[in-house]
>>> print(open('target-v8.tsv').read())   # TSV, C-alpha atoms and all ligand atoms
chain	number	residue	atom	x	y	z
V	23	MET	CA	-2.17	106.46	-7.67
V	24	LEU	CA	-5.59	108.10	-8.03
V	25	GLU	CA	-8.88	106.34	-8.60
V	26	THR	CA	-12.33	107.42	-9.81
V	27	LYS	CA	-15.51	105.48	-10.50
V	28	ARG	CA	-14.20	104.27	-13.87
V	29	LEU	CA	-10.52	105.21	-13.99
V	30	ILE	CA	-7.06	104.63	-12.55
V	31	LEU	CA	-4.49	107.45	-12.80
V	32	ARG	CA	-0.91	106.41	-12.11
V	33	PRO	CA	2.57	107.80	-12.84
V	34	ALA	CA	3.81	106.81	-16.30
V	35	VAL	CA	6.06	103.77	-16.61
V	36	LEU	CA	8.40	102.88	-19.48
V	37	GLU	CA	5.94	100.18	-20.58
V	38	ASP	CA	3.54	103.01	-21.52
V	39	ALA	CA	5.89	104.07	-24.35
V	40	PRO	CA	4.08	102.14	-27.16
V	41	HIS	CA	0.75	103.67	-26.07
V	42	LEU	CA	2.23	107.16	-25.86
V	43	TYR	CA	3.72	106.69	-29.32
V	44	GLU	CA	0.33	105.60	-30.71
V	45	LEU	CA	-1.40	108.52	-28.98
V	46	ASN	CA	1.00	111.13	-30.36
V	47	SER	CA	1.08	109.60	-33.83
V	48	ASP	CA	-2.54	110.63	-34.38
V	49	PHE	CA	-2.62	114.03	-36.07
V	50	GLU	CA	-6.06	114.79	-34.65
V	51	VAL	CA	-4.78	114.20	-31.12
V	52	VAL	CA	-1.75	116.51	-31.40
V	53	ARG	CA	-3.45	119.04	-33.71
V	54	TYR	CA	-4.12	121.67	-31.00
V	55	THR	CA	-1.31	120.82	-28.58
V	56	GLY	CA	1.68	122.54	-30.16
V	57	ASP	CA	3.58	119.21	-29.98
V	58	SER	CA	5.02	117.41	-32.96
V	59	SER	CA	4.32	113.70	-33.36
V	60	LEU	CA	6.64	111.17	-31.75
V	61	LYS	CA	8.52	109.37	-34.53
V	62	THR	CA	9.40	106.13	-32.72
V	63	VAL	CA	8.55	104.18	-29.56
V	64	LEU	CA	12.10	104.97	-28.42
V	65	GLU	CA	11.30	108.71	-28.61
V	66	ALA	CA	8.23	108.05	-26.45
V	67	GLU	CA	10.44	106.22	-23.93
V	68	THR	CA	12.83	109.18	-23.88
V	69	GLN	CA	9.93	111.57	-23.25
V	70	ILE	CA	8.78	109.45	-20.30
V	71	LYS	CA	12.34	109.33	-18.88
V	72	GLU	CA	13.32	112.94	-19.52
V	73	ARG	CA	10.05	114.84	-19.09
V	74	MET	CA	7.62	112.75	-17.06
V	75	PHE	CA	9.87	111.07	-14.46
V	76	PRO	CA	11.66	114.30	-13.37
V	77	GLN	CA	8.34	116.14	-12.76
V	78	PHE	CA	7.25	113.44	-10.29
V	79	GLN	CA	10.70	113.30	-8.65
V	80	LYS	CA	11.08	117.07	-8.29
V	81	TYR	CA	7.53	118.30	-7.75
V	82	LYS	CA	5.42	115.24	-6.78
V	83	MET	CA	3.25	115.92	-9.81
V	84	GLY	CA	3.21	115.05	-13.47
V	85	ARG	CA	1.13	113.68	-16.28
V	86	PHE	CA	-0.59	110.51	-15.01
V	87	SER	CA	-1.27	107.61	-17.35
V	88	VAL	CA	-5.02	107.04	-17.35
V	89	THR	CA	-6.45	103.55	-17.71
V	90	LEU	CA	-9.76	101.81	-17.24
V	91	LYS	CA	-9.96	99.48	-14.26
V	92	ASP	CA	-9.17	96.54	-16.57
V	93	GLY	CA	-5.88	98.21	-17.55
V	94	THR	CA	-6.97	99.56	-20.98
V	95	TYR	CA	-4.77	102.58	-21.72
V	96	LEU	CA	-6.86	105.69	-22.50
V	97	GLY	CA	-4.31	108.50	-22.49
V	98	TRP	CA	-2.85	110.87	-19.93
V	99	CYS	CA	-4.00	113.63	-17.62
V	100	GLY	CA	-2.11	115.51	-14.97
V	101	LEU	CA	-0.30	118.52	-13.62
V	102	ARG	CA	2.93	120.09	-14.81
V	103	TYR	CA	4.96	122.69	-12.97
V	104	PHE	CA	6.53	125.49	-15.01
V	105	PRO	CA	9.32	127.01	-12.86
V	106	GLU	CA	9.77	129.98	-15.25
V	107	SER	CA	6.23	131.25	-14.56
V	108	ASP	CA	5.75	129.48	-11.21
V	109	GLU	CA	2.47	128.05	-12.52
V	110	VAL	CA	0.92	124.60	-12.40
V	111	ASP	CA	-0.83	123.55	-15.57
V	112	LEU	CA	-3.53	120.91	-15.96
V	113	GLY	CA	-3.31	118.95	-19.21
V	114	TYR	CA	-4.98	115.94	-20.82
V	115	ARG	CA	-4.73	113.86	-23.96
V	116	PHE	CA	-6.80	110.82	-24.82
V	117	MET	CA	-6.92	108.28	-27.67
V	118	LYS	CA	-9.50	109.39	-30.23
V	119	LYS	CA	-11.52	106.16	-29.93
V	120	HIS	CA	-12.18	107.08	-26.28
V	121	TRP	CA	-13.30	110.70	-26.77
V	122	GLY	CA	-16.77	111.87	-25.82
V	123	GLN	CA	-17.32	109.55	-22.85
V	124	GLY	CA	-16.49	112.01	-20.09
V	125	TYR	CA	-13.06	110.50	-19.35
V	126	ALA	CA	-11.12	113.79	-19.59
V	127	THR	CA	-13.52	115.52	-17.21
V	128	GLU	CA	-13.52	112.61	-14.74
V	129	ALA	CA	-9.71	112.34	-14.77
V	130	SER	CA	-9.26	116.12	-14.52
V	131	LEU	CA	-11.53	116.48	-11.51
V	132	VAL	CA	-9.60	113.92	-9.46
V	133	THR	CA	-6.36	115.56	-10.61
V	134	LEU	CA	-7.57	118.98	-9.39
V	135	LYS	CA	-8.52	117.34	-6.07
V	136	TYR	CA	-5.00	115.88	-5.81
V	137	GLY	CA	-3.47	119.28	-6.62
V	138	PHE	CA	-5.52	121.26	-4.13
V	139	GLU	CA	-5.99	118.76	-1.31
V	140	THR	CA	-2.76	116.71	-1.37
V	141	LEU	CA	-0.23	119.17	-2.82
V	142	ASN	CA	-1.97	122.22	-1.27
V	143	LEU	CA	-1.64	124.24	-4.47
V	144	LYS	CA	-3.25	127.68	-4.47
V	145	ARG	CA	-4.07	127.89	-8.19
V	146	ILE	CA	-4.11	125.61	-11.22
V	147	ILE	CA	-4.30	126.87	-14.79
V	148	ALA	CA	-5.30	125.18	-18.06
V	149	LYS	CA	-4.49	126.46	-21.53
V	150	ALA	CA	-5.93	125.61	-24.94
V	151	MET	CA	-5.76	126.88	-28.48
V	152	PRO	CA	-8.94	128.90	-29.20
V	153	ASP	CA	-10.12	126.34	-31.81
V	154	ASN	CA	-9.84	123.43	-29.37
V	155	VAL	CA	-13.53	123.46	-28.46
V	156	GLY	CA	-13.46	120.03	-26.77
V	157	SER	CA	-10.64	120.98	-24.43
V	158	ILE	CA	-12.24	124.32	-23.52
V	159	LYS	CA	-15.51	122.49	-22.83
V	160	VAL	CA	-13.69	120.24	-20.34
V	161	MET	CA	-12.33	123.32	-18.50
V	162	GLN	CA	-15.82	124.81	-18.36
V	163	LYS	CA	-17.43	121.54	-17.19
V	164	MET	CA	-14.96	121.44	-14.29
V	165	GLY	CA	-15.96	124.95	-13.26
V	166	MET	CA	-12.69	126.66	-14.20
V	167	THR	CA	-12.85	130.39	-15.00
V	168	PHE	CA	-11.82	132.11	-18.23
V	169	ARG	CA	-8.94	134.50	-17.42
V	170	GLY	CA	-7.88	135.76	-20.84
V	171	TYR	CA	-5.24	135.01	-23.43
V	172	HIS	CA	-1.52	134.28	-23.23
V	173	LYS	CA	0.81	134.79	-26.15
V	174	ASP	CA	4.39	133.58	-25.91
V	175	PRO	CA	6.62	135.68	-28.22
V	176	CYS	CA	8.11	132.55	-29.78
V	177	GLU	CA	4.74	130.94	-30.56
V	178	PRO	CA	2.53	131.84	-33.55
V	179	GLN	CA	-0.82	131.82	-31.71
V	180	ALA	CA	-2.28	132.95	-28.41
V	181	TRP	CA	-3.62	130.42	-25.90
V	182	ILE	CA	-6.90	130.73	-24.01
V	183	VAL	CA	-6.26	130.57	-20.27
V	184	TYR	CA	-8.65	129.21	-17.64
V	185	ASP	CA	-7.88	128.74	-13.97
V	186	MET	CA	-9.24	127.59	-10.64
V	187	THR	CA	-8.15	128.57	-7.14
V	188	ALA	CA	-8.14	126.33	-4.09
V	189	SER	CA	-11.07	128.24	-2.57
V	190	GLU	CA	-13.08	127.98	-5.81
V	191	PHE	CA	-12.47	124.24	-5.79
V	192	LYS	CA	-13.58	123.99	-2.15
V	193	ASN	CA	-16.79	125.90	-2.92
V	194	LYS	CA	-17.45	123.70	-5.94
V	195	CYS	CA	-17.09	120.54	-3.79
V	196	ALA	CA	-19.41	122.03	-1.14
V	197	GLU	CA	-22.07	122.68	-3.81
V	198	SER	CA	-21.99	119.16	-5.27
X	201	LIG	C1	-9.86	117.41	-25.38
X	201	LIG	C2	-10.03	115.96	-24.96
X	201	LIG	C3	-9.01	115.63	-23.88
X	201	LIG	C4	-11.45	115.75	-24.43
X	201	LIG	O1	-11.53	114.41	-23.97
X	201	LIG	P1	-12.95	113.70	-23.73
X	201	LIG	O2	-12.74	112.52	-22.86
X	201	LIG	O3	-13.64	113.51	-25.01
X	201	LIG	O4	-13.71	114.85	-22.89
X	201	LIG	P2	-15.11	114.75	-22.14
X	201	LIG	O5	-15.91	113.64	-22.75
X	201	LIG	O6	-14.86	114.71	-20.68
X	201	LIG	O7	-15.76	116.16	-22.47
X	201	LIG	C5	-15.66	116.72	-23.76
X	201	LIG	C6	-16.83	117.67	-23.98
X	201	LIG	O8	-16.54	118.49	-25.09
X	201	LIG	C7	-17.53	118.30	-26.09
X	201	LIG	N1	-16.85	118.43	-27.38
X	201	LIG	C8	-15.79	117.74	-27.83
X	201	LIG	N2	-15.45	118.19	-29.06
X	201	LIG	C9	-16.30	119.20	-29.34
X	201	LIG	C10	-16.46	120.06	-30.45
X	201	LIG	N3	-15.65	119.99	-31.52
X	201	LIG	N4	-17.46	120.99	-30.42
X	201	LIG	C11	-18.27	121.08	-29.34
X	201	LIG	N5	-18.16	120.28	-28.25
X	201	LIG	C12	-17.19	119.36	-28.26
X	201	LIG	C13	-18.10	116.93	-25.81
X	201	LIG	O9	-19.39	116.78	-26.36
X	201	LIG	C14	-18.11	116.95	-24.28
X	201	LIG	O10	-19.16	117.75	-23.76
X	201	LIG	P3	-20.49	117.11	-23.13
X	201	LIG	O11	-20.05	116.22	-22.01
X	201	LIG	O12	-21.27	118.29	-22.67
X	201	LIG	O13	-21.14	116.34	-24.26
X	201	LIG	C15	-9.81	115.00	-26.17
X	201	LIG	O14	-10.63	115.41	-27.23
X	201	LIG	C16	-8.38	114.94	-26.64
X	201	LIG	O15	-7.59	114.14	-26.15
X	201	LIG	N6	-8.04	115.82	-27.61
X	201	LIG	C17	-6.69	115.82	-28.17
X	201	LIG	C18	-5.64	116.35	-27.18
X	201	LIG	C19	-5.95	117.76	-26.76
X	201	LIG	O16	-6.34	118.60	-27.56
X	201	LIG	N7	-5.73	118.00	-25.47
X	201	LIG	C20	-5.95	119.30	-24.88
X	201	LIG	C21	-4.84	120.22	-25.19
X	201	LIG	S1	-5.17	121.82	-24.49
>>> encode(input="target-v8.tsv", output="structure tokens")
Amino acid sequence: MLETKRLILRPAVLEDAPHLYELNSDFEVVRYTGDSSLKTVLEAETQIKERMFPQFQKYKMGRFSVTLKDGTYLGWCGLRYFPESDEVDLGYRFMKKHWGQGYATEASLVTLKYGFETLNLKRIIAKAMPDNVGSIKVMQKMGMTFRGYHKDPCEPQAWIVYDMTASEFKNKCAES
């Protein structure tokens, strides 16, 4: 479990399924993610079991559920390992009613700290569709660096790629 001034980040549990379903049912939330909406709470449960649990079991990382200290569910933020490219990706997704309050940036910073200082990762990337201005702003606010574009042959659009290395993170912490 990770904690910040306002937030708790913890591995997802099956009880999060109704929240995850609500989150992914909002077109504006999934608009720039490349994901289709979840059709039922059961589908959300399956996603937690088949995608989120194995990441934590295999790699000690995954998408954390993010809540306020009083337990209010805000969304998720966390790391995902892609074995095919040997890259660790930072991602985040929050309920629309909670946007614009700095939660994604606060959750992402403690997640980067976990990745670099607990898991000893060397590099963490973050990708966004070029029109996803809010997401790109979060990457910039964290001090990540623009590295270019990535286009998967089976996807229609290219993704903007930012990254941060362990030494860049250390320098950033020393400055603040
Ligand atoms: C992207 C997302 C996670 C940001 O969450 P958030 O908690 O609102 O983020 P923060 O408040 O920490 O920071 C967002 C920043 O982007 C800015 N921003 C958001 N939308 C913007 C837009 N359309 N144009 C310009 N700036 C924008 C905010 O003003 C804020 O900057 P500021 O702190 O300088 O004012 C949230 O919008 C979301 O869940 N979107 C849907 C899922 C998604 O797209 N995830 C990313 C996939 S790559």
>>> residues_near_ligand(input="target-v8.tsv", ligand="ligand LIG 201 (chain X)", cutoff="6 Å", atoms="all atoms listed in the file", output="ChimeraX atom specification")
/V:51-52,54-55,114-116,121-127,149-150,155-157,159-160
>>> closest_residue(input="target-v8.tsv", among="V:Lys144, V:Lys173, V:Arg85, V:Lys119", to="Met23 of chain V", atoms="all atoms listed in the file")
V:Arg85
>>> atom_distance(input="target-v8.tsv", atom1="atom CA of Thr26 of chain V", atom2="atom CA of Lys80 of chain V")
25.4 Å
>>> residues_around(input="target-v8.tsv", residues="Ala129 of chain V", least_positions_apart="4", cutoff="9 Å", atoms="all atoms listed in the file", output="VMD selection string")
chain V and resid 24 to 26 29 to 31 88 98 to 100 114 124 to 125 133 to 134
>>> atom_distance(input="target-v8.tsv", atom1="atom CA of Thr89 of chain V", atom2="atom CA of Val63 of chain V")
19.1 Å
>>> decode(input="target-v8.tsv", residues="segment 48-166 of chain V", atoms="C-alpha atoms", output="CSV table (one decimal), in the first residue's frame")
chain,number,residue,atom,x,y,z
V,48,ASP,CA,-17.8,6.9,-19.1
V,49,PHE,CA,-17.0,7.6,-22.8
V,50,GLU,CA,-14.9,10.6,-21.8
V,51,VAL,CA,-12.8,8.5,-19.5
V,52,VAL,CA,-12.0,5.8,-22.1
V,53,ARG,CA,-11.9,8.2,-25.1
V,54,TYR,CA,-8.1,8.4,-25.4
V,55,THR,CA,-7.2,5.0,-23.8
V,56,GLY,CA,-7.7,2.6,-26.7
V,57,ASP,CA,-9.9,0.5,-24.4
V,58,SER,CA,-13.5,-0.3,-25.1
V,59,SER,CA,-16.1,0.2,-22.3
V,60,LEU,CA,-16.7,-2.6,-19.8
V,61,LYS,CA,-20.3,-3.9,-20.4
V,62,THR,CA,-21.0,-5.4,-17.0
V,63,VAL,CA,-19.7,-5.4,-13.5
V,64,LEU,CA,-18.8,-9.1,-14.1
V,65,GLU,CA,-16.5,-8.0,-17.0
V,66,ALA,CA,-14.9,-5.6,-14.5
V,67,GLU,CA,-14.4,-8.5,-12.1
V,68,THR,CA,-12.8,-10.6,-14.8
V,69,GLN,CA,-10.4,-7.7,-15.7
V,70,ILE,CA,-9.3,-7.5,-12.1
V,71,LYS,CA,-8.8,-11.3,-11.8
V,72,GLU,CA,-7.2,-11.8,-15.2
V,73,ARG,CA,-5.2,-8.6,-15.8
V,74,MET,CA,-4.6,-6.9,-12.4
V,75,PHE,CA,-4.0,-9.8,-10.0
V,76,PRO,CA,-1.4,-11.5,-12.2
V,77,GLN,CA,0.7,-8.3,-12.7
V,78,PHE,CA,1.1,-8.0,-8.9
V,79,GLN,CA,1.7,-11.8,-8.5
V,80,LYS,CA,4.3,-12.0,-11.2
V,81,TYR,CA,6.0,-8.6,-11.2
V,82,LYS,CA,5.1,-7.0,-7.8
V,83,MET,CA,3.5,-4.1,-9.7
V,84,GLY,CA,0.2,-3.3,-11.2
V,85,ARG,CA,-2.5,-0.7,-11.4
V,86,PHE,CA,-3.3,0.5,-7.9
V,87,SER,CA,-6.8,1.5,-6.9
V,88,VAL,CA,-6.7,5.1,-5.7
V,89,THR,CA,-8.9,6.3,-2.9
V,90,LEU,CA,-9.2,9.3,-0.6
V,91,LYS,CA,-8.3,8.6,3.0
V,92,ASP,CA,-12.1,8.2,3.8
V,93,GLY,CA,-12.2,5.3,1.2
V,94,THR,CA,-13.9,7.3,-1.6
V,95,TYR,CA,-12.8,5.5,-4.9
V,96,LEU,CA,-11.2,8.0,-7.3
V,97,GLY,CA,-9.8,5.7,-10.0
V,98,TRP,CA,-6.5,3.8,-10.6
V,99,CYS,CA,-2.9,4.6,-11.2
V,100,GLY,CA,0.1,2.3,-11.4
V,101,LEU,CA,2.7,0.4,-13.3
V,102,ARG,CA,2.4,-2.3,-15.9
V,103,TYR,CA,5.1,-4.6,-17.2
V,104,PHE,CA,5.1,-5.4,-20.9
V,105,PRO,CA,7.3,-8.5,-21.3
V,106,GLU,CA,7.3,-8.2,-25.2
V,107,SER,CA,9.1,-4.8,-25.0
V,108,ASP,CA,10.6,-5.3,-21.6
V,109,GLU,CA,9.2,-1.9,-20.6
V,110,VAL,CA,7.3,-0.6,-17.5
V,111,ASP,CA,4.5,1.7,-18.3
V,112,LEU,CA,2.9,4.3,-15.9
V,113,GLY,CA,-0.9,4.7,-16.4
V,114,TYR,CA,-3.7,6.4,-14.7
V,115,ARG,CA,-7.5,6.8,-15.0
V,116,PHE,CA,-9.8,8.8,-12.7
V,117,MET,CA,-13.5,9.4,-12.4
V,118,LYS,CA,-14.4,12.6,-14.3
V,119,LYS,CA,-15.9,14.2,-11.2
V,120,HIS,CA,-12.5,14.1,-9.6
V,121,TRP,CA,-10.4,15.5,-12.5
V,122,GLY,CA,-8.5,18.8,-12.2
V,123,GLN,CA,-7.6,18.5,-8.5
V,124,GLY,CA,-4.0,17.2,-8.9
V,125,TYR,CA,-4.9,13.6,-8.0
V,126,ALA,CA,-3.3,12.0,-11.0
V,127,THR,CA,0.0,13.9,-10.5
V,128,GLU,CA,0.0,13.1,-6.7
V,129,ALA,CA,-0.7,9.4,-7.3
V,130,SER,CA,1.8,9.1,-10.2
V,131,LEU,CA,4.6,10.7,-8.2
V,132,VAL,CA,4.3,8.1,-5.4
V,133,THR,CA,4.0,5.4,-8.0
V,134,LEU,CA,7.3,6.5,-9.7
V,135,LYS,CA,8.9,6.5,-6.2
V,136,TYR,CA,7.7,3.0,-5.6
V,137,GLY,CA,9.0,1.9,-9.1
V,138,PHE,CA,12.5,3.4,-8.7
V,139,GLU,CA,13.1,3.1,-5.0
V,140,THR,CA,11.3,-0.2,-4.1
V,141,LEU,CA,11.4,-2.1,-7.4
V,142,ASN,CA,14.8,-0.6,-8.4
V,143,LEU,CA,13.5,0.0,-12.0
V,144,LYS,CA,15.9,1.8,-14.3
V,145,ARG,CA,13.3,3.4,-16.6
V,146,ILE,CA,9.6,4.0,-16.6
V,147,ILE,CA,7.6,5.1,-19.7
V,148,ALA,CA,4.2,6.7,-20.1
V,149,LYS,CA,2.2,6.9,-23.4
V,150,ALA,CA,-0.7,9.0,-24.5
V,151,MET,CA,-2.7,9.7,-27.6
V,152,PRO,CA,-1.5,13.1,-29.0
V,153,ASP,CA,-4.9,14.7,-28.3
V,154,ASN,CA,-4.9,13.7,-24.6
V,155,VAL,CA,-3.7,17.0,-23.4
V,156,GLY,CA,-4.6,16.3,-19.7
V,157,SER,CA,-2.6,13.1,-19.6
V,158,ILE,CA,0.4,14.7,-21.3
V,159,LYS,CA,0.3,17.6,-18.9
V,160,VAL,CA,0.5,15.1,-16.0
V,161,MET,CA,3.7,13.5,-17.5
V,162,GLN,CA,5.2,17.0,-17.9
V,163,LYS,CA,4.3,18.1,-14.4
V,164,MET,CA,6.1,15.0,-13.0
V,165,GLY,CA,9.2,16.0,-15.0
V,166,MET,CA,9.1,13.1,-17.5
